[in-house]
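First the structure, in the form of structure tokens, and then the observations on it.
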Amino acid sequence: MAGVLVLLSIALITIYFRESAGGGLHQVQSAGATVLRPFEVAADRVSRPFRDAYGYFAGLVHAKSENNRLRVENEQLRQQASQNAFAASENADLRKKLHFINSPQYPRGFGHVTASIISQAPSAFEQQVLIGAGSSSGIQVFDPVVTGEGLVGTVVRVAHNQSLVALLTDDTTSVSGVDVETGAKGVVKAGASFDHVGKDQKVKSGDLLVTAGWKAGGLASIYPRGIPIGRVTSVGQNEVDLYKHVQVQPFVNFETLSSLVVLFPPKTR
Amino acid sequence: MIADIAKGAAVLFVAAILQVTLLSQIDVFYGAPDLVLVTLVSVALLRGTIFGAAAGFGAGLVVDTATLQTLGVTSLLLTIAGYWIGRYGETTGRDRTHAPFVSVAVVTLLYSIGALILHYMLGDPASASRVLLDAFPFELIFNLILTLPVYALCRRLFRPPPTGLEEVQLLG
């Protein structure tokens, strides 16, 4: 009996396998499937709530593991995006500096080295930054430091591979400046005021200030002429003081500095 | 005997329909419980070779028809499985507590190997590592879990045949 059923099964397989899709066994199977269909539908309807419940809990487990995976992936992408944004920002910054170096604004005869800031001012009281280039790159004390926007400050201390730059906003920084519109001369102090401007000189709000770059005998300003410093924001005077009170807003945003250009004065190195 | 055939047909038919509609959709690492196989093992253990082989053939036909698979493949495998387990039940296995579990475990393994070989011979794409390494452990666990309730149900439906050695109550 069992042998007959085995042989019958093999015969079914053989015939089914050899015949075309429209063959007799296929048609019988199709008819059988049609007959079984209502039972399948009934079983499906009865079992659907259980299946849905299983699917719900399986989905929860899957969602939990997927959530963990997506969290990790999200973290990685966030880091990548942050690195990309930083690289883009650095790229834009370097392009600006390259543009500045190739522009007519760049002081003639000066050499330069580009350095990144490796440490910001430790507190609000010290307007200084540490840059990743030092005497090994040819930097010396009092070298002027600029960006594409304008004057940044001066090198005040030099190590082999690092230098300390006093920013324009540092209390110790004074720069001889000149009003481009009126020719009024003075000294920009701490990046905030334009001092020693006589009452007879004309300065008005909105005027552009650049470095004066003076020479007197054997002495010369450490800053080359024509580097933008800032814009005059307010002008005032009173009868008692000898000079006008001029407020200045520097062009450089010192909060977002990431790299700088240190200028070499001509014929010194 | 007729009643047994009717009950066997009904139980396996329901098992086949549930297998096709519900249980085949449970998929844990390609493994799914095989209610038809477990039911067949239970019936064959309780009713022997002929019943097991015939039940396997019929159940296989229903499964192949409902799933539109090559007609005869499942029938062949289940016929052999039903026959062997029936033989085991007729000889030593029927009254042993572990018999259903051992039978289900062995048949699950042999059924997987047999199906793999058969599909390979028919030219179907069959991955041995997927069937035997990925799916088999979970299928075995599912089937062993199903064994206890299914065998208990079948045991209620198919009472063991009288052996002629029943106790006799002496009167007087």
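To be explicit about the labels: the chains of the structure tokens are called A, B, and onward in the order shown, and within each one the residues are counted from 1, while ligands get numbers from 1 in the order they are shown.
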Requested in this report: Fewer than 5 positions away in the same chain doesn't count, so skip those; otherwise give me all residues within 10 Å of stretch 60-65 of chain B, counting only C-alpha atoms, as a VMD selection string.
Outcome: (chain A and resid 9 12 26 28 to 36) or (chain B and resid 12 to 13 15 to 17 19 to 20 36 to 37 54 to 55 70 to 79)
Please, which residues of chain A lie no more than 10 Å from chain B when the count uses only C-alpha atoms, and can they be set out as a PDB file with N, CA and C atoms, in the first residue's frame?
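Okay, result-v9.pdb is ready:
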ATOM      1  N   MET A   1       0.835  -1.220   0.000  1.00  0.00           N
ATOM      2  CA  MET A   1       0.000   0.000   0.000  1.00  0.00           C
ATOM      3  C   MET A   1       0.868   1.267   0.000  1.00  0.00           C
ATOM      4  N   ALA A   2       1.807   1.294   0.933  1.00  0.00           N
ATOM      5  CA  ALA A   2       2.684   2.466   1.005  1.00  0.00           C
ATOM      6  C   ALA A   2       3.524   2.577  -0.256  1.00  0.00           C
ATOM      7  N   GLY A   3       3.982   1.412  -0.750  1.00  0.00           N
ATOM      8  CA  GLY A   3       4.783   1.417  -1.981  1.00  0.00           C
ATOM      9  C   GLY A   3       3.999   1.966  -3.152  1.00  0.00           C
ATOM     10  N   VAL A   4       2.726   1.611  -3.195  1.00  0.00           N
ATOM     11  CA  VAL A   4       1.865   2.103  -4.281  1.00  0.00           C
ATOM     12  C   VAL A   4       1.742   3.630  -4.205  1.00  0.00           C
ATOM     13  N   LEU A   5       1.567   4.132  -2.991  1.00  0.00           N
ATOM     14  CA  LEU A   5       1.441   5.582  -2.818  1.00  0.00           C
ATOM     15  C   LEU A   5       2.744   6.304  -3.186  1.00  0.00           C
ATOM     16  N   VAL A   6       3.870   5.706  -2.850  1.00  0.00           N
ATOM     17  CA  VAL A   6       5.160   6.295  -3.220  1.00  0.00           C
ATOM     18  C   VAL A   6       5.294   6.337  -4.733  1.00  0.00           C
ATOM     19  N   LEU A   7       4.962   5.210  -5.369  1.00  0.00           N
ATOM     20  CA  LEU A   7       5.033   5.166  -6.835  1.00  0.00           C
ATOM     21  C   LEU A   7       4.081   6.175  -7.459  1.00  0.00           C
ATOM     22  N   LEU A   8       2.907   6.291  -6.860  1.00  0.00           N
ATOM     23  CA  LEU A   8       1.912   7.244  -7.360  1.00  0.00           C
ATOM     24  C   LEU A   8       2.439   8.682  -7.244  1.00  0.00           C
ATOM     25  N   SER A   9       3.096   8.941  -6.133  1.00  0.00           N
ATOM     26  CA  SER A   9       3.669  10.274  -5.940  1.00  0.00           C
ATOM     27  C   SER A   9       4.734  10.558  -6.991  1.00  0.00           C
ATOM     28  N   ILE A  10       5.596   9.567  -7.221  1.00  0.00           N
ATOM     29  CA  ILE A  10       6.664   9.756  -8.220  1.00  0.00           C
ATOM     30  C   ILE A  10       6.054   9.958  -9.607  1.00  0.00           C
ATOM     31  N   ALA A  11       4.990   9.181  -9.870  1.00  0.00           N
ATOM     32  CA  ALA A  11       4.315   9.339 -11.164  1.00  0.00           C
ATOM     33  C   ALA A  11       3.720  10.738 -11.299  1.00  0.00           C
ATOM     34  N   LEU A  12       3.114  11.221 -10.221  1.00  0.00           N
ATOM     35  CA  LEU A  12       2.532  12.574 -10.235  1.00  0.00           C
ATOM     36  C   LEU A  12       3.618  13.623 -10.513  1.00  0.00           C
ATOM     37  N   ILE A  13       4.739  13.466  -9.805  1.00  0.00           N
ATOM     38  CA  ILE A  13       5.848  14.430  -9.998  1.00  0.00           C
ATOM     39  C   ILE A  13       6.309  14.405 -11.450  1.00  0.00           C
ATOM     40  N   THR A  14       6.497  13.192 -11.975  1.00  0.00           N
ATOM     41  CA  THR A  14       7.012  13.045 -13.338  1.00  0.00           C
ATOM     42  C   THR A  14       6.073  13.666 -14.364  1.00  0.00           C
ATOM     43  N   ILE A  15       4.799  13.305 -14.237  1.00  0.00           N
ATOM     44  CA  ILE A  15       3.822  13.814 -15.211  1.00  0.00           C
ATOM     45  C   ILE A  15       3.703  15.336 -15.095  1.00  0.00           C
ATOM     46  N   TYR A  16       3.578  15.793 -13.851  1.00  0.00           N
ATOM     47  CA  TYR A  16       3.417  17.230 -13.615  1.00  0.00           C
ATOM     48  C   TYR A  16       4.613  18.006 -14.152  1.00  0.00           C
ATOM     49  N   PHE A  17       5.783  17.397 -13.956  1.00  0.00           N
ATOM     50  CA  PHE A  17       7.011  18.076 -14.351  1.00  0.00           C
ATOM     51  C   PHE A  17       7.161  18.122 -15.863  1.00  0.00           C
ATOM     52  N   LEU A  25      -2.852  17.482 -15.294  1.00  0.00           N
ATOM     53  CA  LEU A  25      -2.613  17.581 -13.846  1.00  0.00           C
ATOM     54  C   LEU A  25      -2.644  19.031 -13.368  1.00  0.00           C
ATOM     55  N   HIS A  26      -2.137  19.908 -14.214  1.00  0.00           N
ATOM     56  CA  HIS A  26      -2.176  21.333 -13.853  1.00  0.00           C
ATOM     57  C   HIS A  26      -3.618  21.813 -13.723  1.00  0.00           C
ATOM     58  N   VAL A  28      -6.193  19.925 -13.060  1.00  0.00           N
ATOM     59  CA  VAL A  28      -6.771  19.315 -11.853  1.00  0.00           C
ATOM     60  C   VAL A  28      -6.315  20.095 -10.618  1.00  0.00           C
ATOM     61  N   GLN A  29      -5.033  20.424 -10.603  1.00  0.00           N
ATOM     62  CA  GLN A  29      -4.517  21.183  -9.458  1.00  0.00           C
ATOM     63  C   GLN A  29      -5.204  22.536  -9.344  1.00  0.00           C
ATOM     64  N   SER A  30      -5.389  23.174 -10.505  1.00  0.00           N
ATOM     65  CA  SER A  30      -6.058  24.472 -10.510  1.00  0.00           C
ATOM     66  C   SER A  30      -7.481  24.361  -9.973  1.00  0.00           C
ATOM     67  N   ALA A  31      -8.161  23.316 -10.416  1.00  0.00           N
ATOM     68  CA  ALA A  31      -9.531  23.103  -9.927  1.00  0.00           C
ATOM     69  C   ALA A  31      -9.516  22.825  -8.431  1.00  0.00           C
ATOM     70  N   GLY A  32      -8.536  22.027  -8.008  1.00  0.00           N
ATOM     71  CA  GLY A  32      -8.415  21.718  -6.574  1.00  0.00           C
ATOM     72  C   GLY A  32      -8.140  22.975  -5.767  1.00  0.00           C
ATOM     73  N   ALA A  33      -7.288  23.820  -6.303  1.00  0.00           N
ATOM     74  CA  ALA A  33      -6.980  25.068  -5.601  1.00  0.00           C
ATOM     75  C   ALA A  33      -8.219  25.939  -5.491  1.00  0.00           C
ATOM     76  N   THR A  34      -9.038  25.911  -6.565  1.00  0.00           N
ATOM     77  CA  THR A  34     -10.291  26.686  -6.535  1.00  0.00           C
ATOM     78  C   THR A  34     -11.234  26.153  -5.454  1.00  0.00           C
ATOM     79  N   VAL A  35     -11.262  24.851  -5.342  1.00  0.00           N
ATOM     80  CA  VAL A  35     -12.122  24.237  -4.320  1.00  0.00           C
ATOM     81  C   VAL A  35     -11.601  24.589  -2.920  1.00  0.00           C
ATOM     82  N   LEU A  36     -10.288  24.571  -2.785  1.00  0.00           N
ATOM     83  CA  LEU A  36      -9.699  24.837  -1.460  1.00  0.00           C
ATOM     84  C   LEU A  36      -9.759  26.305  -1.074  1.00  0.00           C
ATOM     85  N   ARG A  37      -9.946  27.153  -2.056  1.00  0.00           N
ATOM     86  CA  ARG A  37      -9.885  28.597  -1.834  1.00  0.00           C
ATOM     87  C   ARG A  37     -10.827  29.074  -0.725  1.00  0.00           C
ATOM     88  N   PHE A  39     -11.938  27.547   1.820  1.00  0.00           N
ATOM     89  CA  PHE A  39     -11.423  27.123   3.122  1.00  0.00           C
ATOM     90  C   PHE A  39     -10.237  28.006   3.537  1.00  0.00           C
ATOM     91  N   GLU A  40      -9.427  28.324   2.543  1.00  0.00           N
ATOM     92  CA  GLU A  40      -8.278  29.181   2.846  1.00  0.00           C
ATOM     93  C   GLU A  40      -8.734  30.567   3.282  1.00  0.00           C
ATOM     94  N   VAL A  41      -9.756  31.071   2.564  1.00  0.00           N
ATOM     95  CA  VAL A  41     -10.276  32.399   2.915  1.00  0.00           C
ATOM     96  C   VAL A  41     -10.854  32.383   4.320  1.00  0.00           C
ATOM     97  N   ALA A  42     -11.616  31.321   4.613  1.00  0.00           N
ATOM     98  CA  ALA A  42     -12.214  31.209   5.949  1.00  0.00           C
ATOM     99  C   ALA A  42     -11.125  31.143   7.012  1.00  0.00           C
ATOM    100  N   ALA A  43     -10.120  30.299   6.761  1.00  0.00           N
ATOM    101  CA  ALA A  43      -9.023  30.171   7.728  1.00  0.00           C
ATOM    102  C   ALA A  43      -8.279  31.491   7.861  1.00  0.00           C
ATOM    103  N   ASP A  44      -8.145  32.167   6.739  1.00  0.00           N
ATOM    104  CA  ASP A  44      -7.448  33.449   6.757  1.00  0.00           C
ATOM    105  C   ASP A  44      -8.203  34.464   7.613  1.00  0.00           C
ATOM    106  N   ARG A  45      -9.540  34.475   7.466  1.00  0.00           N
ATOM    107  CA  ARG A  45     -10.342  35.441   8.230  1.00  0.00           C
ATOM    108  C   ARG A  45     -10.316  35.116   9.720  1.00  0.00           C
ATOM    109  N   VAL A  46     -10.388  33.816   9.999  1.00  0.00           N
ATOM    110  CA  VAL A  46     -10.368  33.419  11.409  1.00  0.00           C
ATOM    111  C   VAL A  46      -9.013  33.746  12.034  1.00  0.00           C
ATOM    112  N   SER A  47      -7.983  33.499  11.261  1.00  0.00           N
ATOM    113  CA  SER A  47      -6.634  33.648  11.839  1.00  0.00           C
ATOM    114  C   SER A  47      -6.098  35.071  11.737  1.00  0.00           C
ATOM    115  N   ARG A  48      -6.814  35.926  10.993  1.00  0.00           N
ATOM    116  CA  ARG A  48      -6.272  37.268  10.760  1.00  0.00           C
ATOM    117  C   ARG A  48      -5.984  38.033  12.063  1.00  0.00           C
ATOM    118  N   PHE A  50      -5.148  36.911  14.946  1.00  0.00           N
ATOM    119  CA  PHE A  50      -3.938  36.358  15.565  1.00  0.00           C
ATOM    120  C   PHE A  50      -2.699  36.751  14.756  1.00  0.00           C
ATOM    121  N   ARG A  51      -2.877  36.697  13.435  1.00  0.00           N
ATOM    122  CA  ARG A  51      -1.753  37.042  12.567  1.00  0.00           C
ATOM    123  C   ARG A  51      -1.388  38.522  12.711  1.00  0.00           C
ATOM    124  N   TYR A  54       0.399  38.915  15.932  1.00  0.00           N
ATOM    125  CA  TYR A  54       1.789  38.446  15.772  1.00  0.00           C
ATOM    126  C   TYR A  54       2.602  39.479  14.977  1.00  0.00           C
ATOM    127  N   GLY A  55       1.978  39.962  13.893  1.00  0.00           N
ATOM    128  CA  GLY A  55       2.671  40.955  13.069  1.00  0.00           C
ATOM    129  C   GLY A  55       2.975  42.224  13.837  1.00  0.00           C
ATOM    130  N   ALA A  58       5.792  41.332  16.313  1.00  0.00           N
ATOM    131  CA  ALA A  58       7.021  41.121  15.525  1.00  0.00           C
ATOM    132  C   ALA A  58       7.518  42.460  14.984  1.00  0.00           C
TER     133      ALA A  58
END
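Proximity to A:Gly191 at 10 Å, evaluated using only C-alpha atoms and with sequence-adjacent residues fewer than 5 positions away removed, yields A:Leu151, A:Val152, A:Gly153, A:Leu167, A:Leu168, A:Thr169, A:Asp170, A:Asp171, A:Thr173, A:Ser174, A:Val175, A:Ile229, A:Gly230, A:Gln247, A:Val248, A:Gln249, A:Pro250, A:Phe251, A:Val252.
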Would you mind listing what lies within 12 Å of A:Ala220 as a JSON list (two decimals) with N, CA and C atoms, in the first residue's frame, with only C-alpha atoms counted and same-chain residues fewer than 5 positions away left out?
[["chain", "number", "residue", "atom", "x", "y", "z"],
["A", 176, "SER", "N", 47.99, 102.28, 13.46],
["A", 176, "SER", "CA", 47.80, 103.57, 12.79],
["A", 176, "SER", "C", 46.83, 103.37, 11.64],
["A", 212, "ALA", "N", 47.46, 102.69, 8.01],
["A", 212, "ALA", "CA", 48.13, 103.84, 7.39],
["A", 212, "ALA", "C", 49.46, 103.46, 6.76],
["A", 213, "GLY", "N", 50.19, 102.51, 7.39],
["A", 213, "GLY", "CA", 51.46, 102.05, 6.84],
["A", 213, "GLY", "C", 52.47, 103.17, 6.66],
["A", 214, "TRP", "N", 52.70, 103.90, 7.71],
["A", 214, "TRP", "CA", 53.56, 105.08, 7.62],
["A", 214, "TRP", "C", 55.03, 104.70, 7.62],
["A", 215, "LYS", "N", 55.85, 105.63, 7.19],
["A", 215, "LYS", "CA", 57.31, 105.54, 7.25],
["A", 215, "LYS", "C", 57.84, 106.88, 7.69],
["A", 225, "ARG", "N", 50.41, 99.27, 4.32],
["A", 225, "ARG", "CA", 49.34, 100.25, 4.06],
["A", 225, "ARG", "C", 48.17, 99.59, 3.34],
["A", 265, "PRO", "N", 57.02, 91.03, 6.41],
["A", 265, "PRO", "CA", 57.42, 92.33, 5.84],
["A", 265, "PRO", "C", 58.52, 92.11, 4.79],
["A", 266, "PRO", "N", 58.56, 92.95, 3.77],
["A", 266, "PRO", "CA", 59.54, 92.77, 2.71],
["A", 266, "PRO", "C", 60.98, 93.01, 3.19]]
Query raised in the report: Using only C-alpha atoms, which residues sit within 8 Å of A:Ser135 once same-chain residues fewer than 5 positions away are excluded, as a PyMOL selection string?
Result: chain A and resi 140+158-163
Could those residues be written to a file, using N, CA and C atoms, as a PDB file, in the first residue's frame?
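Result written to result-v7.pdb:
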ATOM      1  N   GLN A 140      57.938  85.857  12.744  1.00  0.00           N
ATOM      2  CA  GLN A 140      58.665  86.583  13.788  1.00  0.00           C
ATOM      3  C   GLN A 140      57.680  87.451  14.571  1.00  0.00           C
ATOM      4  N   VAL A 158      56.583  83.936  19.635  1.00  0.00           N
ATOM      5  CA  VAL A 158      56.836  82.912  18.624  1.00  0.00           C
ATOM      6  C   VAL A 158      57.573  81.736  19.244  1.00  0.00           C
ATOM      7  N   ALA A 159      57.074  80.542  18.999  1.00  0.00           N
ATOM      8  CA  ALA A 159      57.788  79.302  19.346  1.00  0.00           C
ATOM      9  C   ALA A 159      58.171  78.622  18.038  1.00  0.00           C
ATOM     10  N   HIS A 160      58.730  77.408  18.150  1.00  0.00           N
ATOM     11  CA  HIS A 160      59.213  76.766  16.929  1.00  0.00           C
ATOM     12  C   HIS A 160      58.069  76.486  15.943  1.00  0.00           C
ATOM     13  N   ASN A 161      56.982  75.929  16.465  1.00  0.00           N
ATOM     14  CA  ASN A 161      55.868  75.570  15.575  1.00  0.00           C
ATOM     15  C   ASN A 161      54.557  76.249  15.951  1.00  0.00           C
ATOM     16  N   GLN A 162      54.617  77.192  16.852  1.00  0.00           N
ATOM     17  CA  GLN A 162      53.404  77.877  17.283  1.00  0.00           C
ATOM     18  C   GLN A 162      53.701  79.361  17.475  1.00  0.00           C
ATOM     19  N   SER A 163      52.663  80.150  17.350  1.00  0.00           N
ATOM     20  CA  SER A 163      52.823  81.584  17.600  1.00  0.00           C
ATOM     21  C   SER A 163      51.577  82.089  18.311  1.00  0.00           C
TER      22      SER A 163
END
Report task. Can you list, as an MDAnalysis selection string, all residues belonging to stretch 10-225 of chain A that DSSP tags as strand (DSSP E or B)? Result -> chainID A and resid 111:119 128:131 144:146 151:158 163:167 174:179 185:189 193:195 198 208:211 215:216 219:220
Requested in this report: Pick out the residues sitting within 8 Å of stretch 103-120 of chain A, and hand them over as an NGL selection string; count only C-alpha atoms, and ignore anything fewer than 4 positions along from it in its own chain.
Outcome: :A and (99 or 128-133 or 137 or 224-227 or 257-266)
Please produce an output containing N, CA and C atoms for each residue in the selection, written as an mmCIF file, in the first residue's frame.
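Result file follows (result34.cif):
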data_model
loop_
_atom_site.group_PDB
_atom_site.id
_atom_site.type_symbol
_atom_site.label_atom_id
_atom_site.label_comp_id
_atom_site.auth_asym_id
_atom_site.auth_seq_id
_atom_site.Cartn_x
_atom_site.Cartn_y
_atom_site.Cartn_z
ATOM 1 N N HIS A 99 41.867 84.228 -2.288
ATOM 2 C CA HIS A 99 41.377 85.360 -3.076
ATOM 3 C C HIS A 99 42.056 86.659 -2.630
ATOM 4 N N GLN A 128 43.688 86.887 22.546
ATOM 5 C CA GLN A 128 44.824 86.303 21.837
ATOM 6 C C GLN A 128 44.455 84.903 21.368
ATOM 7 N N VAL A 129 45.093 84.478 20.263
ATOM 8 C CA VAL A 129 44.882 83.113 19.774
ATOM 9 C C VAL A 129 46.232 82.479 19.468
ATOM 10 N N LEU A 130 46.242 81.161 19.581
ATOM 11 C CA LEU A 130 47.464 80.415 19.289
ATOM 12 C C LEU A 130 47.325 79.818 17.893
ATOM 13 N N ILE A 131 48.313 80.024 17.046
ATOM 14 C CA ILE A 131 48.240 79.482 15.691
ATOM 15 C C ILE A 131 49.320 78.406 15.494
ATOM 16 N N GLY A 132 49.067 77.523 14.548
ATOM 17 C CA GLY A 132 49.937 76.368 14.344
ATOM 18 C C GLY A 132 51.086 76.634 13.400
ATOM 19 N N ALA A 133 51.746 77.725 13.516
ATOM 20 C CA ALA A 133 52.947 77.998 12.717
ATOM 21 C C ALA A 133 53.836 78.904 13.537
ATOM 22 N N SER A 137 58.372 78.319 10.306
ATOM 23 C CA SER A 137 57.708 78.758 9.073
ATOM 24 C C SER A 137 58.151 80.173 8.688
ATOM 25 N N PRO A 224 51.434 96.881 6.808
ATOM 26 C CA PRO A 224 51.477 97.466 5.464
ATOM 27 C C PRO A 224 50.279 98.378 5.240
ATOM 28 N N ARG A 225 50.408 99.272 4.319
ATOM 29 C CA ARG A 225 49.345 100.250 4.058
ATOM 30 C C ARG A 225 48.165 99.593 3.339
ATOM 31 N N GLY A 226 46.977 100.027 3.718
ATOM 32 C CA GLY A 226 45.775 99.671 2.964
ATOM 33 C C GLY A 226 45.035 98.418 3.399
ATOM 34 N N ILE A 227 45.420 97.843 4.525
ATOM 35 C CA ILE A 227 44.666 96.660 4.991
ATOM 36 C C ILE A 227 43.406 97.143 5.710
ATOM 37 N N LEU A 257 36.855 82.948 13.702
ATOM 38 C CA LEU A 257 38.156 82.745 13.037
ATOM 39 C C LEU A 257 38.568 81.281 13.115
ATOM 40 N N SER A 258 39.084 80.753 12.011
ATOM 41 C CA SER A 258 39.590 79.381 12.058
ATOM 42 C C SER A 258 41.006 79.284 11.508
ATOM 43 N N SER A 259 41.339 80.172 10.584
ATOM 44 C CA SER A 259 42.717 80.206 10.081
ATOM 45 C C SER A 259 43.083 81.640 9.709
ATOM 46 N N LEU A 260 44.355 81.901 9.649
ATOM 47 C CA LEU A 260 44.841 83.269 9.464
ATOM 48 C C LEU A 260 45.986 83.302 8.457
ATOM 49 N N VAL A 261 46.282 84.491 7.989
ATOM 50 C CA VAL A 261 47.439 84.672 7.110
ATOM 51 C C VAL A 261 48.421 85.602 7.826
ATOM 52 N N VAL A 262 49.619 85.083 8.040
ATOM 53 C CA VAL A 262 50.661 85.903 8.669
ATOM 54 C C VAL A 262 51.508 86.494 7.552
ATOM 55 N N LEU A 263 51.656 87.802 7.574
ATOM 56 C CA LEU A 263 52.412 88.483 6.506
ATOM 57 C C LEU A 263 53.865 88.673 6.916
ATOM 58 N N PHE A 264 54.769 88.472 5.957
ATOM 59 C CA PHE A 264 56.192 88.754 6.188
ATOM 60 C C PHE A 264 56.507 90.117 5.603
ATOM 61 N N PRO A 265 57.015 91.031 6.410
ATOM 62 C CA PRO A 265 57.422 92.325 5.841
ATOM 63 C C PRO A 265 58.523 92.114 4.794
ATOM 64 N N PRO A 266 58.560 92.949 3.775
ATOM 65 C CA PRO A 266 59.543 92.772 2.711
ATOM 66 C C PRO A 266 60.976 93.012 3.188
#
